[in-house]
Amino acid sequence: MANWLSVSLAAEKYGISKEQIHEWIRLGYLRCSSLDKDPYEDPDPMVDAEDLEKSLEFNSTKSYPEDDATIERVPKEHLNWLYKENARLTKANDDLLEENYRRAQREARLQEGFEKMSNLTHRILSLNEKVLNNDRKIKGGKTTAWSFLCRLFRKES
């Protein structure tokens with residue numbers, strides 16, 4: 001069941017402005033009621049406290065009274081430093097992302113080159129195996145890779 005409060009009482013209780021509550025009524029975040037008038041024309045309609053609490057939670061507006069005891073002041077110099085530091089870190093992050101992208105592209109090219117070299121090595125080894133098998137058939141003897149290479153590079157006069 002709805003717990004109805006007037007806008008002025010709700011503003012005082014939850015520490016938010018009446019204008020903010022009227023804006024939430026206009027946006028449809030809060031249910032409102034007025035006895036004799038249209039609630040949108042009434043300067044102080046009744047609002048549902050449960051809806052108001054949900055809106056406060058959703059919009060992360062604290063329900064503290066707006067006095068200096070609850071507000072922390074930050075010097076402008078510190079804010080300026082924070083903005084500059086944020087910009088510097090954002091640029092550094094962008095630079096690192098770009099460097100990471102370049103390295104990923106280089107790694108892809110290296111992987112492609114490695115695969116080509118691997119395929120060529122496989123082809124060379126298979127050709128070597130065929131040559132050795134043919135040589136064995138011809139000589140009928142046992143031939144090793146080392147003896148094959150020695151015969152291959154030996155000059156015959």
# chains A, B, ... in the order shown; residues from 1 in each chain; ligands from 1
>>> residues_around(residues="Pro43 in chain A", least_positions_apart="5", cutoff="10 Å", atoms="only C-alpha atoms", output="ChimeraX atom specification")
/A:6-8,18,22,34,37-38
>>> write_last_selection(atoms="N, CA, C and O atoms", output="tab-separated table (two decimals), in the first residue's frame")
chain	number	residue	atom	x	y	z
A	6	SER	N	3.49	14.71	0.98
A	6	SER	CA	3.46	15.88	0.10
A	6	SER	C	4.87	16.12	-0.43
A	6	SER	O	5.86	15.67	0.16
A	7	VAL	N	4.96	16.82	-1.55
A	7	VAL	CA	6.26	17.08	-2.17
A	7	VAL	C	7.16	17.84	-1.20
A	7	VAL	O	8.35	17.53	-1.05
A	8	SER	N	6.61	18.85	-0.52
A	8	SER	CA	7.44	19.64	0.39
A	8	SER	C	7.93	18.78	1.56
A	8	SER	O	9.09	18.88	1.97
A	18	LYS	N	12.54	20.21	-4.28
A	18	LYS	CA	11.17	20.02	-4.77
A	18	LYS	C	11.17	19.93	-6.29
A	18	LYS	O	10.39	19.16	-6.87
A	22	HIS	N	9.46	17.12	-8.65
A	22	HIS	CA	8.53	17.45	-9.73
A	22	HIS	C	9.02	16.89	-11.07
A	22	HIS	O	8.22	16.43	-11.89
A	34	SER	N	-3.44	14.06	-6.25
A	34	SER	CA	-3.89	15.34	-5.73
A	34	SER	C	-5.40	15.25	-5.56
A	34	SER	O	-6.09	14.71	-6.41
A	37	LYS	N	-7.20	18.70	-7.67
A	37	LYS	CA	-6.61	19.24	-8.89
A	37	LYS	C	-5.92	18.14	-9.68
A	37	LYS	O	-5.72	17.03	-9.19
A	38	ASP	N	-5.53	18.53	-10.89
A	38	ASP	CA	-4.68	17.66	-11.69
A	38	ASP	C	-3.30	17.63	-11.00
A	38	ASP	O	-2.73	18.68	-10.70
>>> residues_around(residues="Leu35 in chain A", least_positions_apart="6", cutoff="10 Å", atoms="only C-alpha atoms", output="ChimeraX atom specification")
/A:42,45-46
>>> select_by_dssp(residues="range 30-157 of chain A", states="strand (DSSP E or B)", output="list in words")
Cys32, Ser33, Met46, Val47 and Asp48 of chain A
>>> write_last_selection(atoms="C-alpha atoms", output="compact mmCIF listing (two decimals), in the first residue's frame")
# COMPACT_ATOMS: atom_id res chain seq x y z
CA CYS A 32 1.43 11.14 -7.52
CA SER A 33 -2.03 12.15 -6.40
CA MET A 46 1.21 13.82 -2.85
CA VAL A 47 3.91 11.33 -3.88
CA ASP A 48 4.41 7.70 -2.98
>>> select_by_dssp(residues="range 3-146 of chain A", states="helix (DSSP H, G or I)", output="number ranges by chain")
A: 7-14, 18-27, 49-58, 76-139, 145-146
>>> closest_residue(among="A:Ile21, A:Arg154, A:Leu132, A:Lys91", to="Leu56 in chain A", atoms="only C-alpha atoms")
A:Ile21
>>> decode(residues="range 76-87 of chain A", atoms="all heavy atoms", output="PDB file, in the first residue's frame")
ATOM      1  N   LYS A  76      40.412  23.141  -6.263  1.00  0.00           N
ATOM      2  CA  LYS A  76      40.462  23.159  -7.733  1.00  0.00           C
ATOM      3  C   LYS A  76      41.777  22.608  -8.259  1.00  0.00           C
ATOM      4  O   LYS A  76      41.815  21.938  -9.284  1.00  0.00           O
ATOM      5  CB  LYS A  76      40.272  24.587  -8.249  1.00  0.00           C
ATOM      6  CG  LYS A  76      38.861  25.030  -8.311  1.00  0.00           C
ATOM      7  CD  LYS A  76      38.763  26.364  -9.012  1.00  0.00           C
ATOM      8  CE  LYS A  76      37.318  26.760  -9.150  1.00  0.00           C
ATOM      9  NZ  LYS A  76      37.172  28.039  -9.832  1.00  0.00           N
ATOM     10  N   GLU A  77      42.868  22.916  -7.566  1.00  0.00           N
ATOM     11  CA  GLU A  77      44.176  22.422  -8.024  1.00  0.00           C
ATOM     12  C   GLU A  77      44.199  20.897  -8.060  1.00  0.00           C
ATOM     13  O   GLU A  77      44.729  20.296  -8.985  1.00  0.00           O
ATOM     14  CB  GLU A  77      45.311  22.925  -7.102  1.00  0.00           C
ATOM     15  CG  GLU A  77      45.497  24.420  -7.079  1.00  0.00           C
ATOM     16  CD  GLU A  77      44.524  25.114  -6.126  1.00  0.00           C
ATOM     17  OE1 GLU A  77      44.062  24.483  -5.144  1.00  0.00           O
ATOM     18  OE2 GLU A  77      44.212  26.284  -6.389  1.00  0.00           O
ATOM     19  N   HIS A  78      43.608  20.292  -7.044  1.00  0.00           N
ATOM     20  CA  HIS A  78      43.561  18.828  -7.006  1.00  0.00           C
ATOM     21  C   HIS A  78      42.670  18.280  -8.119  1.00  0.00           C
ATOM     22  O   HIS A  78      43.013  17.287  -8.774  1.00  0.00           O
ATOM     23  CB  HIS A  78      43.065  18.354  -5.638  1.00  0.00           C
ATOM     24  CG  HIS A  78      43.127  16.872  -5.465  1.00  0.00           C
ATOM     25  ND1 HIS A  78      44.321  16.186  -5.412  1.00  0.00           N
ATOM     26  CD2 HIS A  78      42.150  15.936  -5.361  1.00  0.00           C
ATOM     27  CE1 HIS A  78      44.071  14.890  -5.280  1.00  0.00           C
ATOM     28  NE2 HIS A  78      42.762  14.717  -5.243  1.00  0.00           N
ATOM     29  N   LEU A  79      41.533  18.931  -8.352  1.00  0.00           N
ATOM     30  CA  LEU A  79      40.659  18.509  -9.455  1.00  0.00           C
ATOM     31  C   LEU A  79      41.369  18.645 -10.791  1.00  0.00           C
ATOM     32  O   LEU A  79      41.287  17.749 -11.639  1.00  0.00           O
ATOM     33  CB  LEU A  79      39.377  19.342  -9.471  1.00  0.00           C
ATOM     34  CG  LEU A  79      38.299  18.931  -8.497  1.00  0.00           C
ATOM     35  CD1 LEU A  79      37.136  19.905  -8.575  1.00  0.00           C
ATOM     36  CD2 LEU A  79      37.813  17.528  -8.761  1.00  0.00           C
ATOM     37  N   ASN A  80      42.072  19.771 -10.994  1.00  0.00           N
ATOM     38  CA  ASN A  80      42.813  19.964 -12.249  1.00  0.00           C
ATOM     39  C   ASN A  80      43.875  18.884 -12.413  1.00  0.00           C
ATOM     40  O   ASN A  80      44.060  18.345 -13.507  1.00  0.00           O
ATOM     41  CB  ASN A  80      43.441  21.348 -12.291  1.00  0.00           C
ATOM     42  CG  ASN A  80      42.408  22.442 -12.459  1.00  0.00           C
ATOM     43  OD1 ASN A  80      41.310  22.197 -12.960  1.00  0.00           O
ATOM     44  ND2 ASN A  80      42.730  23.637 -12.018  1.00  0.00           N
ATOM     45  N   TRP A  81      44.581  18.567 -11.315  1.00  0.00           N
ATOM     46  CA  TRP A  81      45.581  17.516 -11.388  1.00  0.00           C
ATOM     47  C   TRP A  81      44.932  16.181 -11.731  1.00  0.00           C
ATOM     48  O   TRP A  81      45.460  15.411 -12.534  1.00  0.00           O
ATOM     49  CB  TRP A  81      46.323  17.413 -10.045  1.00  0.00           C
ATOM     50  CG  TRP A  81      47.328  16.309 -10.056  1.00  0.00           C
ATOM     51  CD1 TRP A  81      48.593  16.338 -10.542  1.00  0.00           C
ATOM     52  CD2 TRP A  81      47.124  14.973  -9.569  1.00  0.00           C
ATOM     53  NE1 TRP A  81      49.199  15.118 -10.388  1.00  0.00           N
ATOM     54  CE2 TRP A  81      48.316  14.258  -9.792  1.00  0.00           C
ATOM     55  CE3 TRP A  81      46.061  14.322  -8.963  1.00  0.00           C
ATOM     56  CZ2 TRP A  81      48.473  12.933  -9.435  1.00  0.00           C
ATOM     57  CZ3 TRP A  81      46.209  12.991  -8.604  1.00  0.00           C
ATOM     58  CH2 TRP A  81      47.407  12.314  -8.846  1.00  0.00           C
ATOM     59  N   LEU A  82      43.772  15.906 -11.120  1.00  0.00           N
ATOM     60  CA  LEU A  82      43.069  14.652 -11.424  1.00  0.00           C
ATOM     61  C   LEU A  82      42.676  14.578 -12.896  1.00  0.00           C
ATOM     62  O   LEU A  82      42.816  13.527 -13.535  1.00  0.00           O
ATOM     63  CB  LEU A  82      41.827  14.503 -10.540  1.00  0.00           C
ATOM     64  CG  LEU A  82      42.073  14.150  -9.075  1.00  0.00           C
ATOM     65  CD1 LEU A  82      40.771  14.202  -8.300  1.00  0.00           C
ATOM     66  CD2 LEU A  82      42.700  12.783  -8.944  1.00  0.00           C
ATOM     67  N   TYR A  83      42.172  15.675 -13.449  1.00  0.00           N
ATOM     68  CA  TYR A  83      41.797  15.692 -14.866  1.00  0.00           C
ATOM     69  C   TYR A  83      43.023  15.469 -15.755  1.00  0.00           C
ATOM     70  O   TYR A  83      42.971  14.711 -16.722  1.00  0.00           O
ATOM     71  CB  TYR A  83      41.112  17.002 -15.240  1.00  0.00           C
ATOM     72  CG  TYR A  83      39.727  17.153 -14.651  1.00  0.00           C
ATOM     73  CD1 TYR A  83      39.331  18.350 -14.081  1.00  0.00           C
ATOM     74  CD2 TYR A  83      38.812  16.112 -14.670  1.00  0.00           C
ATOM     75  CE1 TYR A  83      38.053  18.499 -13.532  1.00  0.00           C
ATOM     76  CE2 TYR A  83      37.547  16.243 -14.130  1.00  0.00           C
ATOM     77  CZ  TYR A  83      37.171  17.438 -13.564  1.00  0.00           C
ATOM     78  OH  TYR A  83      35.920  17.575 -13.034  1.00  0.00           O
ATOM     79  N   LYS A  84      44.134  16.144 -15.417  1.00  0.00           N
ATOM     80  CA  LYS A  84      45.359  15.975 -16.209  1.00  0.00           C
ATOM     81  C   LYS A  84      45.881  14.547 -16.102  1.00  0.00           C
ATOM     82  O   LYS A  84      46.301  13.951 -17.095  1.00  0.00           O
ATOM     83  CB  LYS A  84      46.432  16.962 -15.748  1.00  0.00           C
ATOM     84  CG  LYS A  84      46.161  18.383 -16.155  1.00  0.00           C
ATOM     85  CD  LYS A  84      47.218  19.316 -15.615  1.00  0.00           C
ATOM     86  CE  LYS A  84      46.872  20.757 -15.914  1.00  0.00           C
ATOM     87  NZ  LYS A  84      47.833  21.680 -15.304  1.00  0.00           N
ATOM     88  N   GLU A  85      45.855  14.006 -14.885  1.00  0.00           N
ATOM     89  CA  GLU A  85      46.321  12.636 -14.684  1.00  0.00           C
ATOM     90  C   GLU A  85      45.434  11.648 -15.439  1.00  0.00           C
ATOM     91  O   GLU A  85      45.913  10.694 -16.039  1.00  0.00           O
ATOM     92  CB  GLU A  85      46.333  12.319 -13.183  1.00  0.00           C
ATOM     93  CG  GLU A  85      46.998  11.020 -12.831  1.00  0.00           C
ATOM     94  CD  GLU A  85      48.483  10.990 -13.090  1.00  0.00           C
ATOM     95  OE1 GLU A  85      49.093  12.041 -13.346  1.00  0.00           O
ATOM     96  OE2 GLU A  85      49.049   9.886 -13.065  1.00  0.00           O
ATOM     97  N   ASN A  86      44.134  11.890 -15.419  1.00  0.00           N
ATOM     98  CA  ASN A  86      43.209  11.040 -16.170  1.00  0.00           C
ATOM     99  C   ASN A  86      43.512  11.105 -17.667  1.00  0.00           C
ATOM    100  O   ASN A  86      43.531  10.079 -18.349  1.00  0.00           O
ATOM    101  CB  ASN A  86      41.768  11.456 -15.892  1.00  0.00           C
ATOM    102  CG  ASN A  86      40.772  10.522 -16.536  1.00  0.00           C
ATOM    103  OD1 ASN A  86      41.048   9.336 -16.704  1.00  0.00           O
ATOM    104  ND2 ASN A  86      39.626  11.044 -16.905  1.00  0.00           N
ATOM    105  N   ALA A  87      43.756  12.308 -18.177  1.00  0.00           N
ATOM    106  CA  ALA A  87      44.086  12.458 -19.600  1.00  0.00           C
ATOM    107  C   ALA A  87      45.396  11.755 -19.930  1.00  0.00           C
ATOM    108  O   ALA A  87      45.510  11.072 -20.964  1.00  0.00           O
ATOM    109  CB  ALA A  87      44.166  13.938 -19.958  1.00  0.00           C
TER     110      ALA A  87
END
